[in-house]
>>> print(open('input_11.cif').read())   # mmCIF, C-alpha atoms and all ligand atoms
data_final
#
loop_
_atom_site.label_atom_id
_atom_site.label_comp_id
_atom_site.auth_asym_id
_atom_site.auth_seq_id
_atom_site.Cartn_x
_atom_site.Cartn_y
_atom_site.Cartn_z
CA MET A 1 -47.49 75.88 -11.83
CA LEU A 2 -50.84 74.24 -12.51
CA LYS A 3 -52.41 77.69 -12.73
CA LYS A 4 -49.85 78.69 -15.34
CA ILE A 5 -50.54 75.59 -17.46
CA MET A 6 -54.29 76.25 -17.28
CA LEU A 7 -53.72 79.84 -18.35
CA VAL A 8 -51.58 78.77 -21.32
CA ILE A 9 -54.26 76.22 -22.40
CA ALA A 10 -56.96 78.88 -22.15
CA VAL A 11 -54.96 81.37 -24.25
CA VAL A 12 -54.13 78.73 -26.88
CA ALA A 13 -57.80 77.70 -27.08
CA LEU A 14 -58.86 81.31 -27.46
CA LEU A 15 -56.32 81.94 -30.25
CA ALA A 16 -57.35 78.74 -32.02
CA GLY A 17 -60.99 79.83 -31.87
CA VAL A 18 -60.21 83.24 -33.37
CA ALA A 19 -58.05 81.65 -36.12
CA ASN A 20 -60.90 79.28 -36.94
CA LEU A 21 -63.38 82.13 -37.25
CA ILE A 22 -61.05 84.02 -39.58
CA ALA A 23 -60.51 80.91 -41.74
CA GLN A 24 -64.28 80.34 -42.00
CA ASP A 25 -64.78 83.94 -43.10
CA GLU A 26 -62.21 83.52 -45.85
CA ASN A 27 -63.54 80.17 -47.13
CA ASP A 28 -67.30 80.71 -46.98
CA GLU A 29 -69.07 82.11 -49.97
CA PRO A 30 -71.52 84.90 -49.27
CA ALA A 31 -74.88 83.59 -48.11
CA ALA A 32 -77.41 83.70 -50.89
CA PRO A 33 -80.90 84.76 -49.90
CA GLN A 34 -82.33 81.25 -49.90
CA THR A 35 -85.00 80.03 -47.55
CA GLN A 36 -84.77 76.73 -45.70
CA ARG A 37 -87.83 75.65 -47.66
CA GLN A 38 -85.94 76.13 -50.90
CA ARG A 39 -82.84 74.38 -49.55
CA ARG A 40 -84.95 71.38 -48.62
CA GLY A 41 -86.65 71.48 -52.01
CA THR A 42 -90.11 71.71 -50.52
CA GLY A 43 -90.95 73.83 -53.45
CA ARG A 44 -92.02 77.38 -53.72
CA PRO A 45 -93.02 78.95 -56.98
CA GLY A 46 -89.92 80.14 -58.77
CA ARG A 47 -87.51 77.50 -57.54
CA GLY A 48 -87.86 75.51 -60.72
CA MET A 49 -85.93 72.53 -61.94
CA GLY A 50 -84.28 73.96 -65.01
CA PRO A 51 -80.91 72.77 -66.20
CA GLY A 52 -78.73 72.97 -63.20
CA GLN A 53 -75.46 74.41 -62.30
CA GLY A 54 -73.76 73.01 -59.25
CA ARG A 55 -73.51 75.53 -56.49
CA ARG A 56 -72.52 75.54 -52.90
CA MET A 57 -75.45 75.90 -50.59
CA PRO A 58 -74.94 78.31 -47.76
CA GLY A 59 -75.73 77.08 -44.31
CA ARG A 60 -74.70 73.53 -45.04
CA THR A 61 -71.49 71.86 -44.15
CA GLY A 62 -69.63 68.87 -45.49
CA ALA A 63 -69.77 67.10 -48.82
CA SER A 64 -73.54 67.46 -49.23
CA SER A 65 -73.42 71.24 -49.46
CA ILE A 66 -73.37 71.22 -53.26
CA GLU A 67 -76.69 71.35 -55.05
CA SER A 68 -77.54 70.68 -58.66
CA SER A 69 -80.70 70.39 -60.72
CA PRO A 70 -81.78 67.61 -63.08
CA ILE A 71 -80.90 68.17 -66.73
CA PRO A 72 -83.27 66.39 -69.13
CA LYS A 73 -81.57 64.18 -71.68
CA THR A 74 -84.59 63.68 -73.94
CA GLU A 75 -87.86 65.44 -74.75
CA ALA A 76 -89.77 62.75 -72.84
CA GLU A 77 -87.69 63.33 -69.75
CA LYS A 78 -88.16 67.08 -70.18
CA LYS A 79 -91.92 66.61 -70.26
CA ILE A 80 -91.94 64.51 -67.08
CA LEU A 81 -89.69 66.96 -65.28
CA SER A 82 -91.96 69.81 -66.31
CA VAL A 83 -94.98 68.00 -64.82
CA LEU A 84 -93.01 67.44 -61.61
CA ASP A 85 -92.05 71.11 -61.62
CA ASP A 86 -95.68 72.12 -62.03
CA MET A 87 -96.77 69.81 -59.20
CA ASP A 88 -93.98 71.21 -57.06
CA LYS A 89 -95.12 74.77 -57.66
CA ASN A 90 -98.89 74.34 -57.71
CA GLN A 91 -99.98 71.15 -55.93
CA ARG A 92 -97.84 70.68 -52.85
CA ARG A 93 -100.34 72.07 -50.37
CA GLY A 94 -101.80 69.20 -48.34
CA MET A 95 -100.04 66.55 -50.44
CA MET A 96 -97.10 65.88 -48.11
CA ASN A 97 -94.83 65.24 -51.09
CA VAL A 98 -91.19 64.33 -50.75
CA PRO A 99 -88.80 67.23 -51.36
CA ILE A 100 -87.25 67.42 -54.83
CA GLU A 101 -83.88 66.13 -53.64
CA ASP A 102 -85.55 63.03 -52.16
CA GLY A 103 -87.43 62.45 -55.42
CA ARG A 104 -84.15 62.56 -57.27
CA LEU A 105 -82.65 60.05 -54.86
CA LEU A 106 -85.62 57.69 -55.42
CA ARG A 107 -85.13 57.91 -59.17
CA LEU A 108 -81.40 57.39 -58.91
CA LEU A 109 -81.60 54.32 -56.65
CA THR A 110 -84.36 52.77 -58.77
CA GLU A 111 -82.37 53.14 -61.96
CA THR A 112 -79.12 52.06 -60.32
CA ILE A 113 -80.51 48.72 -59.14
CA GLY A 114 -82.37 48.21 -62.44
CA ALA A 115 -85.64 47.84 -60.58
CA LYS A 116 -88.41 46.03 -62.45
CA HIS A 117 -91.00 46.34 -59.70
CA VAL A 118 -91.28 49.21 -57.23
CA VAL A 119 -93.92 49.19 -54.50
CA GLU A 120 -94.87 52.50 -52.93
CA ILE A 121 -97.01 52.91 -49.81
CA GLY A 122 -98.56 56.39 -49.87
CA THR A 123 -99.17 57.71 -53.39
CA SER A 124 -100.67 61.08 -52.48
CA ASN A 125 -101.02 62.98 -55.80
CA GLY A 126 -98.33 60.85 -57.48
CA TYR A 127 -95.34 63.15 -57.06
CA SER A 128 -92.82 60.59 -55.73
CA GLY A 129 -94.41 57.99 -58.02
CA ILE A 130 -93.51 60.07 -61.07
CA TRP A 131 -89.91 60.29 -59.85
CA PHE A 132 -89.90 56.47 -59.72
CA CYS A 133 -91.36 56.34 -63.22
CA LEU A 134 -88.51 58.46 -64.58
CA ALA A 135 -86.29 55.48 -63.76
CA LEU A 136 -88.81 52.71 -64.52
CA ARG A 137 -89.13 53.91 -68.16
CA LYS A 138 -85.49 53.03 -68.53
CA THR A 139 -85.48 49.75 -66.57
CA ASN A 140 -88.67 48.45 -68.21
CA GLY A 141 -90.16 48.34 -64.78
CA LYS A 142 -93.51 49.08 -63.17
CA LEU A 143 -94.83 50.80 -60.08
CA THR A 144 -97.51 49.50 -57.73
CA THR A 145 -98.62 52.31 -55.44
CA TYR A 146 -101.20 52.41 -52.63
CA GLU A 147 -103.41 55.29 -51.52
CA ILE A 148 -106.28 55.33 -49.05
CA ASP A 149 -107.58 58.80 -49.87
CA ALA A 150 -109.89 58.89 -52.91
CA ARG A 151 -109.28 62.57 -53.77
CA ARG A 152 -105.51 62.19 -53.76
CA ALA A 153 -105.75 58.93 -55.70
CA SER A 154 -107.81 60.63 -58.39
CA LEU A 155 -105.34 63.52 -58.62
CA ALA A 156 -102.51 60.99 -58.89
CA ARG A 157 -104.23 59.26 -61.81
CA GLU A 158 -104.48 62.62 -63.60
CA ASN A 159 -100.83 63.41 -62.91
CA PHE A 160 -99.58 60.01 -64.07
CA LYS A 161 -101.52 60.53 -67.27
CA ARG A 162 -100.26 64.01 -68.05
CA ALA A 163 -96.68 62.89 -67.33
CA GLY A 164 -97.26 60.05 -69.82
CA VAL A 165 -96.33 57.34 -67.31
CA ASP A 166 -99.80 55.98 -66.50
CA LYS A 167 -99.09 52.71 -68.32
CA LEU A 168 -96.27 51.99 -65.89
CA VAL A 169 -98.45 52.42 -62.81
CA THR A 170 -100.97 50.31 -60.93
CA LEU A 171 -102.67 52.49 -58.34
CA VAL A 172 -104.43 50.48 -55.64
CA GLU A 173 -107.01 52.53 -53.77
CA GLY A 174 -107.61 51.32 -50.21
CA ASP A 175 -105.90 50.55 -46.92
CA ALA A 176 -102.39 49.42 -47.80
CA HIS A 177 -102.09 47.36 -44.61
CA LYS A 178 -104.75 45.08 -46.06
CA GLU A 179 -104.10 45.48 -49.76
CA VAL A 180 -100.36 44.64 -49.74
CA THR A 181 -101.12 41.15 -48.45
CA LYS A 182 -102.56 40.43 -51.93
CA LEU A 183 -99.30 41.34 -53.63
CA LYS A 184 -97.53 38.52 -55.44
CA GLY A 185 -94.15 38.16 -57.11
CA SER A 186 -90.78 39.64 -56.48
CA VAL A 187 -90.23 43.29 -55.57
CA ASP A 188 -86.99 45.19 -56.19
CA LEU A 189 -87.67 48.31 -54.19
CA VAL A 190 -90.21 49.27 -51.52
CA PHE A 191 -90.87 52.88 -50.56
CA ILE A 192 -92.80 53.44 -47.33
CA ASP A 193 -94.30 56.93 -47.01
CA ALA A 194 -97.70 56.68 -45.31
CA ASP A 195 -99.00 56.32 -41.72
CA LYS A 196 -95.91 56.39 -39.50
CA GLU A 197 -97.35 53.94 -36.94
CA GLY A 198 -97.70 51.43 -39.75
CA TYR A 199 -94.09 51.44 -40.96
CA THR A 200 -93.08 48.25 -39.13
CA ASP A 201 -96.21 46.45 -40.30
CA TYR A 202 -95.41 47.41 -43.91
CA LEU A 203 -91.84 46.24 -43.40
CA ASN A 204 -92.95 42.89 -42.01
CA LYS A 205 -95.48 42.34 -44.78
CA LEU A 206 -93.30 43.46 -47.68
CA SER A 207 -89.73 42.47 -46.85
CA PRO A 208 -90.37 38.76 -47.60
CA LEU A 209 -91.25 39.82 -51.19
CA VAL A 210 -88.13 41.94 -51.65
CA ARG A 211 -85.48 40.09 -53.65
CA PRO A 212 -82.03 39.66 -52.13
CA GLY A 213 -80.08 42.76 -53.19
CA GLY A 214 -83.32 44.78 -53.21
CA LEU A 215 -83.97 47.97 -51.25
CA ILE A 216 -86.51 49.09 -48.68
CA LEU A 217 -86.71 52.86 -48.30
CA ALA A 218 -88.71 54.74 -45.70
CA HIS A 219 -89.45 58.45 -45.61
CA ASN A 220 -89.50 60.92 -42.70
CA ILE A 221 -87.09 58.86 -40.71
CA SER A 222 -86.09 61.31 -38.08
CA MET A 223 -86.07 60.78 -34.36
CA ARG A 224 -86.79 64.48 -33.91
CA GLY A 225 -90.26 65.07 -32.53
CA GLY A 226 -90.48 61.48 -31.30
CA ARG A 227 -92.81 60.36 -34.11
CA SER A 228 -94.64 57.27 -32.97
CA GLY A 229 -93.79 54.21 -35.00
CA ILE A 230 -90.50 55.54 -36.34
CA ALA A 231 -88.42 54.34 -33.39
CA ASP A 232 -89.84 50.82 -33.77
CA TYR A 233 -89.10 50.88 -37.49
CA VAL A 234 -85.53 52.08 -36.93
CA LYS A 235 -85.02 49.30 -34.40
CA ALA A 236 -86.42 46.70 -36.81
CA VAL A 237 -84.12 47.70 -39.68
CA THR A 238 -81.00 48.12 -37.56
CA THR A 239 -81.14 44.93 -35.53
CA ASN A 240 -81.85 42.36 -38.24
CA PRO A 241 -78.67 40.71 -39.61
CA ASP A 242 -80.40 40.16 -42.98
CA LEU A 243 -80.61 43.91 -43.43
CA GLU A 244 -78.08 46.70 -43.78
CA THR A 245 -79.44 50.20 -43.21
CA ILE A 246 -78.08 53.69 -43.61
CA PHE A 247 -79.82 56.97 -42.92
CA TYR A 248 -79.78 59.78 -45.42
CA GLU A 249 -80.69 62.78 -43.38
CA GLN A 250 -80.90 65.47 -46.04
CA GLY A 251 -84.31 66.41 -47.37
CA GLY A 252 -87.14 64.68 -45.52
CA GLY A 253 -84.91 61.98 -44.03
CA ILE A 254 -84.78 58.62 -45.81
CA SER A 255 -83.60 55.29 -44.49
CA VAL A 256 -82.08 53.04 -47.13
CA THR A 257 -82.14 49.35 -46.25
CA LEU A 258 -80.46 46.66 -48.30
CA LYS A 259 -81.86 43.15 -48.11
CA LYS A 260 -78.58 41.28 -48.05
CA ARG A 261 -77.83 38.53 -50.55
C1 LIG B 301 -96.70 61.53 -47.03
S1 LIG B 301 -98.03 61.23 -48.10
C2 LIG B 301 -97.29 60.43 -49.46
C3 LIG B 301 -96.52 61.38 -50.32
C4 LIG B 301 -96.03 60.77 -51.62
N1 LIG B 301 -95.20 59.60 -51.37
C5 LIG B 301 -95.24 61.79 -52.40
O1 LIG B 301 -94.09 62.07 -52.00
O2 LIG B 301 -95.76 62.33 -53.37
C6 LIG B 301 -98.81 59.88 -47.29
C7 LIG B 301 -100.01 59.34 -48.03
O3 LIG B 301 -100.30 58.06 -47.46
C8 LIG B 301 -101.69 57.89 -47.46
N2 LIG B 301 -102.02 56.86 -46.47
C9 LIG B 301 -102.06 56.98 -45.12
N3 LIG B 301 -102.40 55.81 -44.56
C10 LIG B 301 -102.59 54.93 -45.57
C11 LIG B 301 -102.95 53.56 -45.63
N4 LIG B 301 -103.22 52.86 -44.52
N5 LIG B 301 -103.03 52.99 -46.84
C12 LIG B 301 -102.77 53.69 -47.98
N6 LIG B 301 -102.42 54.97 -47.98
C13 LIG B 301 -102.33 55.60 -46.79
C14 LIG B 301 -102.22 59.28 -47.13
O4 LIG B 301 -103.56 59.43 -47.53
C15 LIG B 301 -101.25 60.19 -47.88
O5 LIG B 301 -101.74 60.55 -49.14
#
>>> encode(input="input_11.cif", output="structure tokens")
Amino acid sequence: MLKKIMLVIAVVALLAGVANLIAQDENDEPAAPQTQRQRRGTGRPGRGMGPGQGRRMPGRTGASSIESSPIPKTEAEKKILSVLDDMDKNQRRGMMNVPIEDGRLLRLLTETIGAKHVVEIGTSNGYSGIWFCLALRKTNGKLTTYEIDARRASLARENFKRAGVDKLVTLVEGDAHKEVTKLKGSVDLVFIDADKEGYTDYLNKLSPLVRPGGLILAHNISMRGGRSGIADYVKAVTTNPDLETIFYEQGGGISVTLKKR
């Protein structure tokens, strides 16, 4: 009897599996020839950021499988997006920039909370900084960003200028672990994207300045590869009752931490 029941379960499971495969075939759109690099927005020439049509991205499941591109509302926004596009196509090498979709998330969160002061650790050539500035133009805010590498800092200055956002930015050249201790006043949003071992130190030094209701974001938050420092950071932002943290795993992996009111 038991053997019979097992046999019936096995046949039902097999049929269910086949039915599932058929259903997937019917529902899935044909896979477009898109590389993982393009899906992650890590920018190859030709990807572009022109006015976007929503489309379903093959190889992704769930609600996040729809992709769109930013559509400029004004000429100024168009100009900034075109600088970002150019950086995406021509400057990414060695700059460790956030993927486009993460940049868009930074802009969106900044504008949503009406941030007046964003602090970024890890400027590189200014790519993520310019995404912040897209929002800060509208919130009358400013960006303070830290970079230890002189060559990248100089490139960032050039990029801020050609995007026309240099007046919104204070670039501090030096070791951010030391330099952030000089920061005064309230901060609405912190973005940590530098030395991974230093994430918890940045959190400890900057979270007291973040206003209640403000956000602390950190990039490359993925436990894959066992990055040193990340596990400590994740523990720090998930065990403190003053903080509420979610993990946005698309793109480069961003943790979004709310400093509770
Ligand atoms: C991942 S990149 C930043 C990318 C940038 N946020 C973007 O998306 O365009 C990290 C940057 O942090 C800088 N960095 C590393 N350690 C630092 C430190 N102690 N202080 C300031 N900057 C640092 C590196 O030189 C590098 O340019």
>>> residues_around(input="input_11.cif", residues="Asn140 of chain A", least_positions_apart="4", cutoff="9 Å", atoms="only C-alpha atoms", output="PyMOL selection string")
chain A and resi 114-116+135-136+168
>>> write_last_selection(input="input_11.cif", atoms="C-alpha atoms", output="short mmCIF file (atom, residue, chain, number, x, y, z; two decimals), in the coordinates of the input")
data_model
loop_
_atom_site.label_atom_id
_atom_site.label_comp_id
_atom_site.auth_asym_id
_atom_site.auth_seq_id
_atom_site.Cartn_x
_atom_site.Cartn_y
_atom_site.Cartn_z
CA GLY A 114 -82.37 48.21 -62.44
CA ALA A 115 -85.64 47.84 -60.58
CA LYS A 116 -88.41 46.03 -62.45
CA ALA A 135 -86.29 55.48 -63.76
CA LEU A 136 -88.81 52.71 -64.52
CA LEU A 168 -96.27 51.99 -65.89
#
>>> closest_residue(input="input_11.cif", among="A:Glu173, A:Asp166, A:Asp188, A:Asp102", to="Asn220 of chain A", atoms="only C-alpha atoms")
A:Asp102
>>> closest_atom_pairs(input="input_11.cif", of="chain A", to="ligand LIG 301 (chain B)", cutoff="9 Å", atoms="all atoms listed in the file", output="CSV")
residue,atom,partner,partner_atom,distance
A:Arg92,CA,B:LIG301,O2,8.6
A:Gly94,CA,B:LIG301,O5,8.7
A:Met95,CA,B:LIG301,S1,6.1
A:Met96,CA,B:LIG301,C1,4.5
A:Asn97,CA,B:LIG301,O1,3.4
A:Val98,CA,B:LIG301,O1,3.9
A:Pro99,CA,B:LIG301,O1,7.4
A:Asp102,CA,B:LIG301,O1,8.6
A:Gly103,CA,B:LIG301,O1,7.5
A:Glu120,CA,B:LIG301,N1,7.3
A:Ile121,CA,B:LIG301,N6,6.1
A:Gly122,CA,B:LIG301,O3,3.4
A:Thr123,CA,B:LIG301,C4,4.7
A:Ser124,CA,B:LIG301,O5,3.5
A:Asn125,CA,B:LIG301,O2,5.8
A:Gly126,CA,B:LIG301,O2,5.1
A:Tyr127,CA,B:LIG301,O2,3.8
A:Ser128,CA,B:LIG301,O2,4.2
A:Gly129,CA,B:LIG301,O2,6.5
A:Ile130,CA,B:LIG301,O2,8.3
A:Trp131,CA,B:LIG301,O2,9.0
A:Thr145,CA,B:LIG301,C12,8.6
A:Tyr146,CA,B:LIG301,C12,5.1
A:Glu147,CA,B:LIG301,N6,3.7
A:Ile148,CA,B:LIG301,C12,4.0
A:Asp149,CA,B:LIG301,O4,4.7
A:Ala150,CA,B:LIG301,O4,8.3
A:Arg152,CA,B:LIG301,O5,6.2
A:Ala153,CA,B:LIG301,O5,7.9
A:Ala156,CA,B:LIG301,O2,8.8
A:Val172,CA,B:LIG301,C12,8.5
A:Glu173,CA,B:LIG301,C12,7.3
A:Gly174,CA,B:LIG301,C12,5.8
A:Asp175,CA,B:LIG301,N5,3.8
A:Ala176,CA,B:LIG301,N5,3.8
A:His177,CA,B:LIG301,N4,5.6
A:Lys178,CA,B:LIG301,N4,8.1
A:Glu179,CA,B:LIG301,N5,8.1
A:Phe191,CA,B:LIG301,N1,8.0
A:Ile192,CA,B:LIG301,N1,7.7
A:Asp193,CA,B:LIG301,C1,5.2
A:Ala194,CA,B:LIG301,O3,3.6
A:Asp195,CA,B:LIG301,N3,4.5
A:Lys196,CA,B:LIG301,N3,8.2
A:Gly198,CA,B:LIG301,N4,7.4
A:His219,CA,B:LIG301,C1,8.0
A:Asn220,CA,B:LIG301,C1,8.4
>>> write_last_selection(input="input_11.cif", atoms="C-alpha atoms", output="mmCIF file, keeping the file's coordinate frame")
data_model
loop_
_atom_site.group_PDB
_atom_site.id
_atom_site.type_symbol
_atom_site.label_atom_id
_atom_site.label_comp_id
_atom_site.auth_asym_id
_atom_site.auth_seq_id
_atom_site.Cartn_x
_atom_site.Cartn_y
_atom_site.Cartn_z
ATOM 1 C CA ARG A 92 -97.840 70.680 -52.850
ATOM 2 C CA GLY A 94 -101.800 69.200 -48.340
ATOM 3 C CA MET A 95 -100.040 66.550 -50.440
ATOM 4 C CA MET A 96 -97.100 65.880 -48.110
ATOM 5 C CA ASN A 97 -94.830 65.240 -51.090
ATOM 6 C CA VAL A 98 -91.190 64.330 -50.750
ATOM 7 C CA PRO A 99 -88.800 67.230 -51.360
ATOM 8 C CA ASP A 102 -85.550 63.030 -52.160
ATOM 9 C CA GLY A 103 -87.430 62.450 -55.420
ATOM 10 C CA GLU A 120 -94.870 52.500 -52.930
ATOM 11 C CA ILE A 121 -97.010 52.910 -49.810
ATOM 12 C CA GLY A 122 -98.560 56.390 -49.870
ATOM 13 C CA THR A 123 -99.170 57.710 -53.390
ATOM 14 C CA SER A 124 -100.670 61.080 -52.480
ATOM 15 C CA ASN A 125 -101.020 62.980 -55.800
ATOM 16 C CA GLY A 126 -98.330 60.850 -57.480
ATOM 17 C CA TYR A 127 -95.340 63.150 -57.060
ATOM 18 C CA SER A 128 -92.820 60.590 -55.730
ATOM 19 C CA GLY A 129 -94.410 57.990 -58.020
ATOM 20 C CA ILE A 130 -93.510 60.070 -61.070
ATOM 21 C CA TRP A 131 -89.910 60.290 -59.850
ATOM 22 C CA THR A 145 -98.620 52.310 -55.440
ATOM 23 C CA TYR A 146 -101.200 52.410 -52.630
ATOM 24 C CA GLU A 147 -103.410 55.290 -51.520
ATOM 25 C CA ILE A 148 -106.280 55.330 -49.050
ATOM 26 C CA ASP A 149 -107.580 58.800 -49.870
ATOM 27 C CA ALA A 150 -109.890 58.890 -52.910
ATOM 28 C CA ARG A 152 -105.510 62.190 -53.760
ATOM 29 C CA ALA A 153 -105.750 58.930 -55.700
ATOM 30 C CA ALA A 156 -102.510 60.990 -58.890
ATOM 31 C CA VAL A 172 -104.430 50.480 -55.640
ATOM 32 C CA GLU A 173 -107.010 52.530 -53.770
ATOM 33 C CA GLY A 174 -107.610 51.320 -50.210
ATOM 34 C CA ASP A 175 -105.900 50.550 -46.920
ATOM 35 C CA ALA A 176 -102.390 49.420 -47.800
ATOM 36 C CA HIS A 177 -102.090 47.360 -44.610
ATOM 37 C CA LYS A 178 -104.750 45.080 -46.060
ATOM 38 C CA GLU A 179 -104.100 45.480 -49.760
ATOM 39 C CA PHE A 191 -90.870 52.880 -50.560
ATOM 40 C CA ILE A 192 -92.800 53.440 -47.330
ATOM 41 C CA ASP A 193 -94.300 56.930 -47.010
ATOM 42 C CA ALA A 194 -97.700 56.680 -45.310
ATOM 43 C CA ASP A 195 -99.000 56.320 -41.720
ATOM 44 C CA LYS A 196 -95.910 56.390 -39.500
ATOM 45 C CA GLY A 198 -97.700 51.430 -39.750
ATOM 46 C CA HIS A 219 -89.450 58.450 -45.610
ATOM 47 C CA ASN A 220 -89.500 60.920 -42.700
#
>>> atom_distance(input="input_11.cif", atom1="atom CA of Gly251 of chain A", atom2="atom CA of Ser82 of chain A")
20.7 Å
>>> closest_residue(input="input_11.cif", among="A:Val180, A:Leu134, A:Ala218, A:Val187", to="Val165 of chain A", atoms="only C-alpha atoms")
A:Leu134
>>> atom_distance(input="input_11.cif", atom1="atom CA of Val256 of chain A", atom2="atom CA of Phe160 of chain A")
25.3 Å
>>> closest_residue(input="input_11.cif", among="A:Lys184, A:Arg137, A:Lys260, A:Lys235", to="Ile216 of chain A", atoms="all atoms listed in the file")
A:Lys260
>>> atom_distance(input="input_11.cif", atom1="atom CA of Val119 of chain A", atom2="atom CA of Thr144 of chain A")
4.8 Å
>>> residues_around(input="input_11.cif", residues="Val237 of chain A", least_positions_apart="2", cutoff="10 Å", atoms="only C-alpha atoms", output="PyMOL selection string")
chain A and resi 200+203+216+232-235+239-246+255-259
